[in-house]
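Participant: What follows is start13.csv, made up of CSV, C-alpha atoms and all ligand atoms:
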chain,number,residue,atom,x,y,z
A,1,MET,CA,10.2,21.8,-4.0
A,2,LYS,CA,13.9,21.3,-3.3
A,3,GLU,CA,13.3,21.9,0.4
A,4,PHE,CA,10.5,19.3,0.6
A,5,GLU,CA,12.7,16.8,-1.2
A,6,GLU,CA,15.7,17.5,1.1
A,7,LYS,CA,13.7,17.4,4.3
A,8,PHE,CA,12.0,14.2,3.2
A,9,ALA,CA,15.3,12.6,2.3
A,10,ALA,CA,16.8,13.7,5.7
A,11,ARG,CA,13.7,12.4,7.6
A,12,PHE,CA,13.9,9.0,5.9
A,13,GLY,CA,17.7,8.8,6.0
A,14,VAL,CA,18.2,8.3,2.2
A,15,LYS,CA,20.3,10.1,-0.4
A,16,HIS,CA,17.6,11.0,-2.9
A,17,ALA,CA,14.0,12.0,-2.6
A,18,ILE,CA,12.2,12.9,-5.8
A,19,THR,CA,8.7,14.4,-5.8
A,20,THR,CA,6.1,13.1,-8.3
A,21,SER,CA,2.5,13.9,-9.2
A,22,ASN,CA,1.0,10.9,-7.4
A,23,GLY,CA,1.7,7.5,-6.0
A,24,THR,CA,0.9,5.6,-9.2
A,25,ALA,CA,3.4,7.9,-11.0
A,26,SER,CA,6.0,7.1,-8.3
A,27,LEU,CA,5.6,3.4,-9.0
A,28,HIS,CA,5.6,3.7,-12.8
A,29,LEU,CA,8.6,6.1,-12.7
A,30,SER,CA,10.6,3.7,-10.5
A,31,ILE,CA,10.0,0.7,-12.8
A,32,ALA,CA,10.8,2.7,-15.9
A,33,ALA,CA,13.9,4.1,-14.3
A,34,LEU,CA,15.1,0.5,-13.8
A,35,ASN,CA,14.7,0.0,-17.5
A,36,ILE,CA,12.0,-2.6,-17.0
A,37,GLY,CA,9.7,-3.1,-19.9
A,38,LYS,CA,8.3,-5.5,-22.5
A,39,GLY,CA,9.1,-9.1,-22.0
A,40,MET,CA,10.0,-8.7,-18.4
A,41,GLU,CA,8.2,-9.6,-15.2
A,42,VAL,CA,7.7,-7.9,-11.8
A,43,ILE,CA,6.4,-9.9,-8.8
A,44,LEU,CA,3.7,-8.3,-6.5
A,45,PRO,CA,1.0,-9.4,-4.1
A,46,ALA,CA,-2.5,-10.4,-5.4
A,47,HIS,CA,-4.0,-8.3,-2.7
A,48,THR,CA,-3.2,-4.6,-3.4
A,49,MET,CA,-4.6,-1.5,-5.0
A,50,MET,CA,-4.8,-1.6,-8.8
A,51,SER,CA,-2.1,1.2,-9.1
A,52,SER,CA,0.6,-1.4,-8.1
A,53,ALA,CA,-0.2,-3.6,-11.1
A,54,ALA,CA,-1.1,-0.8,-13.5
A,55,ALA,CA,2.3,0.8,-13.0
A,56,ILE,CA,4.0,-2.4,-14.2
A,57,VAL,CA,1.6,-2.7,-17.1
A,58,TYR,CA,2.4,0.9,-18.2
A,59,THR,CA,6.0,-0.1,-18.9
A,60,GLY,CA,4.9,-3.1,-21.0
A,61,ALA,CA,6.1,-5.6,-18.3
A,62,THR,CA,4.0,-8.3,-16.9
A,63,PRO,CA,2.7,-8.2,-13.3
A,64,VAL,CA,3.2,-11.7,-11.7
A,65,LEU,CA,1.2,-12.4,-8.5
A,66,VAL,CA,1.9,-14.1,-5.3
A,67,ASP,CA,-0.9,-14.9,-2.8
A,68,VAL,CA,-1.0,-13.1,0.6
A,69,GLU,CA,-0.9,-14.3,4.2
A,70,ARG,CA,-4.2,-15.0,6.0
A,71,ASP,CA,-3.1,-13.0,9.1
A,72,SER,CA,-1.1,-10.1,7.9
A,73,TRP,CA,-2.9,-9.6,4.5
A,74,ASN,CA,0.6,-9.0,3.1
A,75,MET,CA,2.5,-10.7,0.4
A,76,ASP,CA,3.4,-14.3,1.4
A,77,VAL,CA,7.2,-14.0,0.9
A,78,SER,CA,7.6,-17.8,1.1
A,79,GLN,CA,5.8,-18.0,-2.3
A,80,ILE,CA,8.0,-15.6,-4.2
A,81,GLU,CA,10.8,-17.9,-5.2
A,82,LYS,CA,8.6,-20.3,-7.2
A,83,LYS,CA,7.4,-17.3,-9.3
A,84,ILE,CA,10.9,-16.2,-10.3
A,85,THR,CA,11.7,-16.9,-14.0
A,86,LYS,CA,14.4,-15.7,-16.4
A,87,LYS,CA,12.2,-12.7,-17.2
A,88,THR,CA,11.8,-11.6,-13.6
A,89,LYS,CA,13.5,-8.2,-13.0
A,90,ALA,CA,11.9,-6.9,-9.8
A,91,ILE,CA,9.9,-7.6,-6.7
A,92,MET,CA,7.3,-5.1,-5.5
A,93,PRO,CA,6.4,-5.6,-1.9
A,94,VAL,CA,3.3,-3.6,-0.8
A,95,HIS,CA,3.1,-2.7,2.9
A,96,ILE,CA,-0.7,-3.1,3.0
A,97,TYR,CA,-2.8,-0.9,5.3
A,98,GLY,CA,0.4,0.3,7.0
A,99,LEU,CA,1.9,-3.1,8.1
A,100,PRO,CA,5.4,-3.8,6.7
A,101,VAL,CA,6.0,-6.9,4.7
A,102,ASP,CA,8.6,-9.3,6.1
A,103,MET,CA,11.5,-7.7,4.1
A,104,ASP,CA,14.5,-9.8,5.0
A,105,PRO,CA,13.5,-12.8,2.8
A,106,VAL,CA,12.6,-10.4,0.0
A,107,ILE,CA,16.0,-8.7,0.2
A,108,LYS,CA,17.7,-12.1,0.3
A,109,LEU,CA,15.9,-13.3,-2.8
A,110,ALA,CA,16.6,-10.1,-4.6
A,111,LYS,CA,20.3,-10.5,-4.0
A,112,GLN,CA,20.3,-14.2,-4.9
A,113,TYR,CA,18.5,-13.7,-8.2
A,114,ASP,CA,19.8,-10.1,-9.0
A,115,LEU,CA,16.4,-8.5,-8.8
A,116,ALA,CA,15.5,-4.9,-8.0
A,117,ILE,CA,13.1,-4.1,-5.1
A,118,VAL,CA,10.5,-1.4,-5.7
A,119,GLU,CA,8.6,-0.9,-2.4
A,120,ASP,CA,5.0,0.3,-2.6
A,121,ALA,CA,5.0,2.3,0.6
A,122,ALA,CA,1.9,4.3,-0.4
A,123,GLU,CA,0.0,3.1,2.7
A,124,SER,CA,3.0,2.9,5.1
A,125,THR,CA,4.6,6.3,5.4
A,126,GLY,CA,6.5,6.1,8.8
A,127,ALA,CA,6.1,2.4,9.3
A,128,THR,CA,9.2,0.5,10.2
A,129,TYR,CA,10.6,-3.0,9.6
A,130,LYS,CA,13.2,-3.9,12.2
A,131,ASN,CA,13.5,-0.2,13.0
A,132,LYS,CA,14.1,0.7,9.3
A,133,LEU,CA,11.5,2.9,7.6
A,134,THR,CA,9.5,1.3,4.8
A,135,GLY,CA,10.4,2.9,1.5
A,136,THR,CA,14.1,2.8,2.3
A,137,LEU,CA,14.7,-0.9,2.1
A,138,GLY,CA,14.8,-1.5,-1.6
A,139,ASP,CA,16.2,0.2,-4.8
A,140,PHE,CA,13.2,2.5,-4.9
A,141,GLY,CA,10.6,3.4,-2.3
A,142,CYS,CA,7.3,4.8,-3.6
A,143,PHE,CA,4.9,7.1,-1.6
A,144,SER,CA,1.5,8.6,-2.3
A,145,PHE,CA,0.3,11.9,-0.8
A,146,TYR,CA,-3.3,11.4,-2.0
A,147,ALA,CA,-6.0,13.0,0.2
A,148,ASN,CA,-6.6,9.9,2.3
A,149,LYS,CA,-2.9,8.9,2.8
A,150,ILE,CA,-0.9,9.5,6.0
A,151,ILE,CA,0.6,12.7,4.7
A,152,THR,CA,-1.2,14.5,1.9
A,153,THR,CA,-0.6,17.2,-0.7
A,154,GLY,CA,-4.1,16.6,-2.2
A,155,GLU,CA,-2.4,14.7,-5.0
A,156,GLY,CA,1.3,13.9,-5.0
A,157,GLY,CA,4.0,11.3,-4.4
A,158,MET,CA,7.6,10.7,-3.7
A,159,VAL,CA,10.3,8.3,-4.8
A,160,LEU,CA,13.2,7.4,-2.6
A,161,THR,CA,16.5,5.9,-3.6
A,162,ASN,CA,20.1,5.6,-2.3
A,163,SER,CA,21.4,5.1,-5.8
A,164,ASP,CA,22.9,8.2,-7.6
A,165,LYS,CA,22.4,6.5,-11.0
A,166,LEU,CA,18.8,5.5,-10.4
A,167,ALA,CA,18.0,8.9,-9.0
A,168,ALA,CA,19.4,10.7,-12.0
A,169,HIS,CA,17.4,8.4,-14.4
A,170,ALA,CA,14.2,8.9,-12.4
A,171,ARG,CA,14.7,12.7,-12.4
A,172,LEU,CA,15.3,12.7,-16.1
A,173,LEU,CA,12.2,10.5,-16.9
A,174,LYS,CA,9.9,12.5,-14.5
A,175,ASP,CA,10.4,15.7,-16.5
A,176,MET,CA,10.0,14.5,-20.1
A,177,ALA,CA,13.6,13.3,-20.4
A,178,HIS,CA,15.0,16.5,-21.9
A,179,SER,CA,18.5,15.6,-23.0
A,180,PRO,CA,21.1,17.1,-20.7
A,181,LYS,CA,23.1,17.9,-23.9
A,182,GLN,CA,20.3,19.8,-25.6
A,183,ARG,CA,16.9,21.0,-24.5
A,184,PHE,CA,14.0,19.7,-26.6
A,185,LEU,CA,16.1,16.8,-27.6
A,186,HIS,CA,14.9,13.5,-26.1
A,187,GLU,CA,16.7,10.2,-26.1
A,188,GLU,CA,14.0,8.4,-24.2
A,189,ILE,CA,10.3,8.8,-23.8
A,190,GLY,CA,9.8,10.6,-20.5
A,191,PHE,CA,6.7,11.6,-18.5
A,192,ASN,CA,5.3,14.7,-16.9
A,193,TYR,CA,5.2,13.5,-13.3
A,194,ARG,CA,6.2,16.8,-11.8
A,195,MET,CA,4.7,18.0,-8.5
A,196,THR,CA,3.8,21.7,-8.2
A,197,ASN,CA,5.5,24.0,-5.7
A,198,MET,CA,2.2,24.6,-4.0
A,199,GLN,CA,1.8,20.9,-3.3
A,200,ALA,CA,5.4,20.7,-2.1
A,201,ALA,CA,4.7,23.6,0.4
A,202,LEU,CA,1.8,21.5,1.7
A,203,GLY,CA,4.0,18.5,1.9
A,204,LEU,CA,6.6,20.3,3.9
A,205,ALA,CA,4.1,21.3,6.5
A,206,GLN,CA,2.6,17.8,6.6
A,207,LEU,CA,6.0,16.2,7.0
A,208,GLU,CA,6.5,18.2,10.2
A,209,GLU,CA,3.3,16.7,11.6
A,210,LEU,CA,4.2,13.1,10.6
A,211,ASP,CA,5.0,11.9,14.1
A,212,LEU,CA,1.8,13.3,15.4
A,213,TYR,CA,-0.2,11.7,12.6
A,214,LEU,CA,1.5,8.3,13.3
A,215,GLU,CA,0.7,8.6,17.0
A,216,THR,CA,-2.9,9.3,16.1
A,217,LYS,CA,-3.2,6.3,13.8
A,218,ILE,CA,-1.6,4.0,16.4
A,219,TRP,CA,-3.8,5.4,19.2
A,220,MET,CA,-6.9,4.8,17.0
A,221,ALA,CA,-5.8,1.2,16.3
A,222,LYS,CA,-5.2,0.5,20.0
A,223,MET,CA,-8.7,1.8,20.9
A,224,TYR,CA,-10.3,-0.4,18.2
A,225,ASN,CA,-8.2,-3.4,19.3
A,226,LYS,CA,-9.3,-3.0,22.9
A,227,LEU,CA,-13.0,-2.4,22.2
A,228,LEU,CA,-13.4,-5.0,19.5
A,229,SER,CA,-11.3,-7.8,20.9
A,230,GLY,CA,-13.0,-11.1,21.7
A,231,LEU,CA,-15.9,-10.7,19.2
A,232,GLU,CA,-16.2,-14.1,17.7
A,233,GLY,CA,-16.5,-14.0,13.9
A,234,ILE,CA,-14.5,-10.7,13.5
A,235,THR,CA,-10.8,-10.9,12.7
A,236,LEU,CA,-8.7,-7.9,13.7
A,237,PRO,CA,-5.5,-6.7,12.2
A,238,ILE,CA,-2.3,-8.2,13.7
A,239,GLU,CA,1.0,-6.8,14.8
A,240,LYS,CA,4.4,-8.4,14.0
A,241,SER,CA,7.1,-8.3,16.5
A,242,TRP,CA,9.6,-7.0,14.0
A,243,ALA,CA,7.3,-4.2,12.6
A,244,LYS,CA,5.7,-1.0,13.5
A,245,ASN,CA,2.2,-1.0,11.9
A,246,VAL,CA,1.0,2.6,11.3
A,247,TYR,CA,-2.6,1.5,10.5
A,248,TRP,CA,-3.2,3.7,7.5
A,249,MET,CA,-6.6,1.9,7.5
A,250,TYR,CA,-8.1,-0.3,10.3
A,251,GLY,CA,-9.2,-3.4,8.5
A,252,ILE,CA,-11.3,-6.2,9.8
A,253,LEU,CA,-12.6,-9.5,8.4
A,254,ILE,CA,-16.2,-10.7,8.7
A,255,GLU,CA,-15.7,-14.5,9.0
A,256,ASP,CA,-18.4,-17.1,8.1
A,257,SER,CA,-19.0,-17.7,11.8
A,258,PHE,CA,-20.2,-14.1,12.2
A,259,GLY,CA,-23.6,-15.2,10.9
A,260,ILE,CA,-24.0,-12.5,8.1
A,261,SER,CA,-22.1,-11.6,5.0
A,262,ARG,CA,-19.8,-8.7,4.7
A,263,SER,CA,-22.3,-6.7,2.6
A,264,LYS,CA,-25.1,-7.3,5.1
A,265,PHE,CA,-22.7,-6.3,7.9
A,266,MET,CA,-21.8,-3.1,6.1
A,267,GLN,CA,-25.4,-2.3,5.5
A,268,GLU,CA,-26.2,-2.9,9.2
A,269,LEU,CA,-23.4,-0.5,10.1
A,270,LEU,CA,-24.6,2.1,7.6
A,271,ASP,CA,-28.2,1.8,8.9
A,272,ARG,CA,-26.7,2.9,12.3
A,273,GLY,CA,-24.7,5.8,10.7
A,274,VAL,CA,-21.3,4.1,10.3
A,275,ASP,CA,-19.7,4.1,7.0
A,276,SER,CA,-17.2,1.5,5.9
A,277,ARG,CA,-15.3,0.4,2.8
A,278,THR,CA,-14.6,-3.0,1.3
A,279,PHE,CA,-11.0,-4.3,0.9
A,280,PHE,CA,-9.4,-4.2,-2.6
A,281,VAL,CA,-10.7,-6.6,-5.3
A,282,PRO,CA,-7.6,-8.9,-5.8
A,283,MET,CA,-5.5,-8.4,-9.0
A,284,ASN,CA,-6.4,-12.0,-10.1
A,285,SER,CA,-10.0,-10.9,-10.5
A,286,GLN,CA,-9.4,-7.6,-12.3
A,287,PRO,CA,-11.1,-7.8,-15.8
A,288,ALA,CA,-8.5,-5.4,-17.2
A,289,LEU,CA,-5.7,-7.8,-16.3
A,290,LEU,CA,-7.7,-11.0,-17.2
A,291,LYS,CA,-8.3,-9.5,-20.6
A,292,MET,CA,-4.6,-9.5,-21.2
A,293,GLY,CA,-4.6,-13.2,-20.8
A,294,LEU,CA,-3.2,-13.2,-17.2
A,295,TYR,CA,-4.1,-15.4,-14.2
A,296,SER,CA,-6.9,-17.4,-15.8
A,297,LYS,CA,-5.4,-20.7,-14.7
A,298,GLU,CA,-3.9,-19.5,-11.4
A,299,LYS,CA,-5.3,-19.6,-7.8
A,300,TYR,CA,-5.0,-17.0,-5.1
A,301,PRO,CA,-7.3,-18.4,-2.4
A,302,VAL,CA,-6.3,-16.1,0.4
A,303,ALA,CA,-6.5,-12.9,-1.7
A,304,ASP,CA,-9.9,-14.0,-2.9
A,305,GLU,CA,-11.0,-14.8,0.7
A,306,ILE,CA,-9.9,-11.5,2.3
A,307,GLY,CA,-11.1,-9.6,-0.7
A,308,MET,CA,-14.6,-11.0,0.0
A,309,LYS,CA,-14.5,-10.8,3.8
A,310,GLY,CA,-12.5,-7.6,4.5
A,311,LEU,CA,-13.6,-4.1,5.1
A,312,TYR,CA,-12.2,-1.1,6.8
A,313,ILE,CA,-14.0,1.0,9.4
A,314,PRO,CA,-13.5,4.7,9.9
A,315,SER,CA,-9.8,5.4,10.2
A,316,GLY,CA,-9.3,9.0,9.2
A,317,LEU,CA,-6.8,11.2,11.1
A,318,ALA,CA,-9.7,13.5,12.3
A,319,ILE,CA,-11.4,10.7,14.1
A,320,THR,CA,-12.3,11.3,17.8
A,321,LYS,CA,-12.5,9.1,20.8
A,322,VAL,CA,-16.3,9.5,20.9
A,323,GLN,CA,-16.5,8.5,17.2
A,324,ILE,CA,-14.4,5.4,17.8
A,325,GLU,CA,-16.5,4.4,20.7
A,326,LYS,CA,-19.7,4.9,18.6
A,327,VAL,CA,-18.3,2.7,15.8
A,328,CYS,CA,-17.5,0.0,18.3
A,329,GLU,CA,-20.9,0.2,20.0
A,330,VAL,CA,-22.5,-0.2,16.7
A,331,ILE,CA,-20.4,-3.2,15.7
A,332,ILE,CA,-21.0,-4.9,19.1
A,333,GLU,CA,-24.8,-4.3,18.7
A,334,VAL,CA,-24.7,-5.8,15.2
A,335,HIS,CA,-22.7,-8.7,16.5
A,336,LYS,CA,-25.2,-9.3,19.3
A,337,LYS,CA,-28.1,-9.2,16.8
A,338,PHE,CA,-26.6,-11.7,14.4
A,339,HIS,CA,-23.8,-13.8,15.8
A,340,GLY,CA,-24.6,-17.4,16.4
A,341,LYS,CA,-28.0,-17.0,14.8
A,342,LYS,CA,-28.9,-18.2,11.3
A,343,HIS,CA,-29.4,-15.2,9.0
A,344,LYS,CA,-28.8,-15.1,5.3
B,1,LIG,C1,-2.9,5.0,-2.8
B,1,LIG,C2,-2.1,3.8,-3.3
B,1,LIG,C3,-1.4,3.9,-4.5
B,1,LIG,C4,-1.5,5.0,-5.5
B,1,LIG,O1,-1.4,6.3,-5.1
B,1,LIG,P1,-2.1,7.5,-5.8
B,1,LIG,O2,-1.4,8.7,-5.3
B,1,LIG,O3,-3.5,7.4,-5.6
B,1,LIG,O4,-1.8,7.4,-7.3
B,1,LIG,C5,-0.5,2.9,-4.9
B,1,LIG,N1,-0.4,1.8,-4.1
B,1,LIG,C6,-1.1,1.6,-3.0
B,1,LIG,C7,-1.0,0.4,-2.2
B,1,LIG,C8,-2.0,2.6,-2.6
B,1,LIG,O5,-2.7,2.5,-1.4
Translate the structure of the given file into structure tokens.
Ligand SMILES: *Cc1c(COP(=O)(O)O)cnc(C)c1O
Facilitator:
Amino acid sequence: MKEFEEKFAARFGVKHAITTSNGTASLHLSIAALNIGKGMEVILPAHTMMSSAAAIVYTGATPVLVDVERDSWNMDVSQIEKKITKKTKAIMPVHIYGLPVDMDPVIKLAKQYDLAIVEDAAESTGATYKNKLTGTLGDFGCFSFYANKIITTGEGGMVLTNSDKLAAHARLLKDMAHSPKQRFLHEEIGFNYRMTNMQAALGLAQLEELDLYLETKIWMAKMYNKLLSGLEGITLPIEKSWAKNVYWMYGILIEDSFGISRSKFMQELLDRGVDSRTFFVPMNSQPALLKMGLYSKEKYPVADEIGMKGLYIPSGLAITKVQIEKVCEVIIEVHKKFHGKKHK
């Protein structure tokens, strides 16, 4: 356990790495360790996985949304400032599908308004923003080692921080907050977010392969980019000059001009033996959050749009060149069949 944490911290160049039971726990633990709770707000993108918002709700705080960019599918950082109130305590950038958020403006706002930054780096292990690793740019960086993530321990997670104080609080809360003065005395409500030694042993082995995994993801994306470029009606993921995208998942958008809907497109792929998955349903459309009285009068048009049009095609680490070529052949065939024709 200790070795996994130490090697991870060294690999990421941070002072403290704290193992957790999963990525959702990493996020919750970070927000709780910042003493964020009832009556406070945390700003996050509308397009993300439910875990990001749920982790905020667990503490009693309110998840406040900003819309995402049409091209990067990431948090539109120019929309953050207008969402800051007296109750705002933190910003949670989510590096979606492996592409880093434009962090400099986020860091600037956090300084200006005295806010914490909790990075959700669950999809971006190894990605860099201006040569700095995602998960090391804020007060806390949160990772997931779920089975389909870039490195995996089956279930598992990690929290990174450079703050001794925050690290100590996170370690305390992660293990039921046993008082350092007296065992079985608890001054706070902690959690059991411990990782097992077996998982840590897996993580240690996976960490050694990280560079290889990243190379594979980037190679996969380059192949897809090459084979799928120029198909009108399909929007491909973008690169940013300041970022290294690690392509956790290779996402595409089926635009109106394609000629068929996303669901019809996915069915056509499936009929030809190619599986795909839809993008996340945006947070502003989650019944669990709407029931809390959130977002009913707010608009997140880009998150809505990409949530309807986006899907990801096979992106696992075990994918082969032949499989990538097959996926692309199928997509090109479906494109030829429907593009420019009227089908409903
Ligand atoms: C996977 C993921 C999580 C949650 O990780 P778990 O280990 O499944 O709890 C959180 N945020 C994002 C963006 C994710 O993709």
Participant: List all protein, DNA and RNA residues that have any atom at most 10 Å from ligand LIG 1 (chain B), counting only C-alpha atoms and all ligand atoms, and write the list as a count of residues only.
Facilitator: 48
Participant: Return the single residue from A:Pro287, A:Gly126, A:Pro237, A:Pro180 that is closest to Arg11 in chain A, with distances computed using all atoms listed in the file.
Facilitator: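 Using all atoms listed in the file, Arg11 in chain A sits closest to A:Gly126.
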Participant: To one decimal place, how far is CA of Leu115 in chain A from CA of Val101 in chain A in Å?
Facilitator: 17.1 Å
Participant: Just checking: using only C-alpha atoms, which residue out of A:Leu204, A:Ser241, A:Met198, A:Asp139 ends up closest to Glu5 in chain A?
Facilitator: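 Result for the nearest residue to Glu5 in chain A: A:Leu204.
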Participant: Residues near Asp71 in chain A, anyone? I mean within 12 Å using all atoms listed in the file, not counting same-chain ones fewer than 2 positions away, as JSON, numbers by chain.
Facilitator: {"A": [68, 69, 73, 74, 75, 76, 96, 99, 101, 235, 236, 237, 238, 239, 240, 251, 252, 253, 302, 303, 305, 306, 310]}
Participant: Step by step: start from the point (-3.8, -18.2, -9.1) in the file's coordinates, keep every protein, DNA or RNA residue that has an atom no farther than 9 Å from it, count all atoms listed in the file, and write the set as a PyMOL selection string.
Facilitator: chain A and resi 46+65-67+284+295-301
Participant: Do a neighbour search on Arg272 in chain A at 12 Å with only C-alpha atoms, toss out local chain neighbours closer than 5 positions, and write the hits as a list of chain:residue names.
Facilitator: A:Phe265, A:Met266, A:Gln267, A:Lys326, A:Val327, A:Cys328, A:Glu329, A:Val330, A:Ile331, A:Ile332, A:Glu333, A:Val334
Participant: Once you count only C-alpha atoms, which residues end up no further than 8 Å from (-18.9, 1.9, 9.0) in the file's frame, shown as a PyMOL selection string?
Facilitator: chain A and resi 266+269-270+273-277+312-314+327
Participant: Expressed in Å to a single decimal, how great is the separation between CA of Lys226 in chain A and CA of Glu209 in chain A?
Facilitator: 26.0 Å
Participant: Between CA of Thr62 in chain A and CA of Lys82 in chain A, what is the distance, to one decimal in Å?
Facilitator: 16.1 Å
Participant: Pick out the residues sitting within 10 Å of Glu325 in chain A, and hand them over as a VMD selection string; count all atoms listed in the file, and ignore anything fewer than 6 positions along from it in its own chain.
Facilitator: chain A and resid 223 to 224 227 to 228 331
Participant: Excluding His335 in chain A and any residue of its chain fewer than 6 positions from it, enumerate the residues within 12 Å of it, using only C-alpha atoms, and give them as a ChimeraX atom specification.
Facilitator: /A:228,230-234,254-255,257-261,264-266,268-269,328-329,341,343
Participant: Let me make sure I understand: among A:Tyr113, A:Phe184, A:Phe140, A:Tyr250, which one has the smallest atom-to-atom distance to Lys15 in chain A if we use only C-alpha atoms?
Facilitator: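 Of A:Tyr113, A:Phe184, A:Phe140, A:Tyr250, the one nearest Lys15 in chain A is A:Phe140, counting only C-alpha atoms.
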Participant: Go through A:Tyr247, A:Phe279, A:Phe12, A:Tyr58 and flag the residue nearest Ile218 in chain A, using all atoms listed in the file for the distances.
Facilitator: A:Tyr247
Participant: Go through A:Lys83, A:Lys38, A:His339, A:His186 and flag the residue nearest Ala61 in chain A, using all atoms listed in the file for the distances.
Facilitator: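 The shortest atom-to-atom distance to Ala61 in chain A comes from A:Lys38.
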Participant: Which one is closest to Asn35 in chain A: A:Ala170, A:Ile18, A:Ile91, A:Ala10? Count only C-alpha atoms.
Facilitator: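 Going through A:Ala170, A:Ile18, A:Ile91, A:Ala10 one by one, the smallest distance to Asn35 in chain A is for A:Ala170.
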Participant: Need the shell around Leu212 in chain A: protein/DNA/RNA residues with any atom at most 12 Å away, counting all atoms listed in the file. Skip same-chain ones fewer than 3 positions apart. Format as an MDAnalysis selection string?
Facilitator: chainID A and resid 126 150:151 206:209 215:219 246 317:318
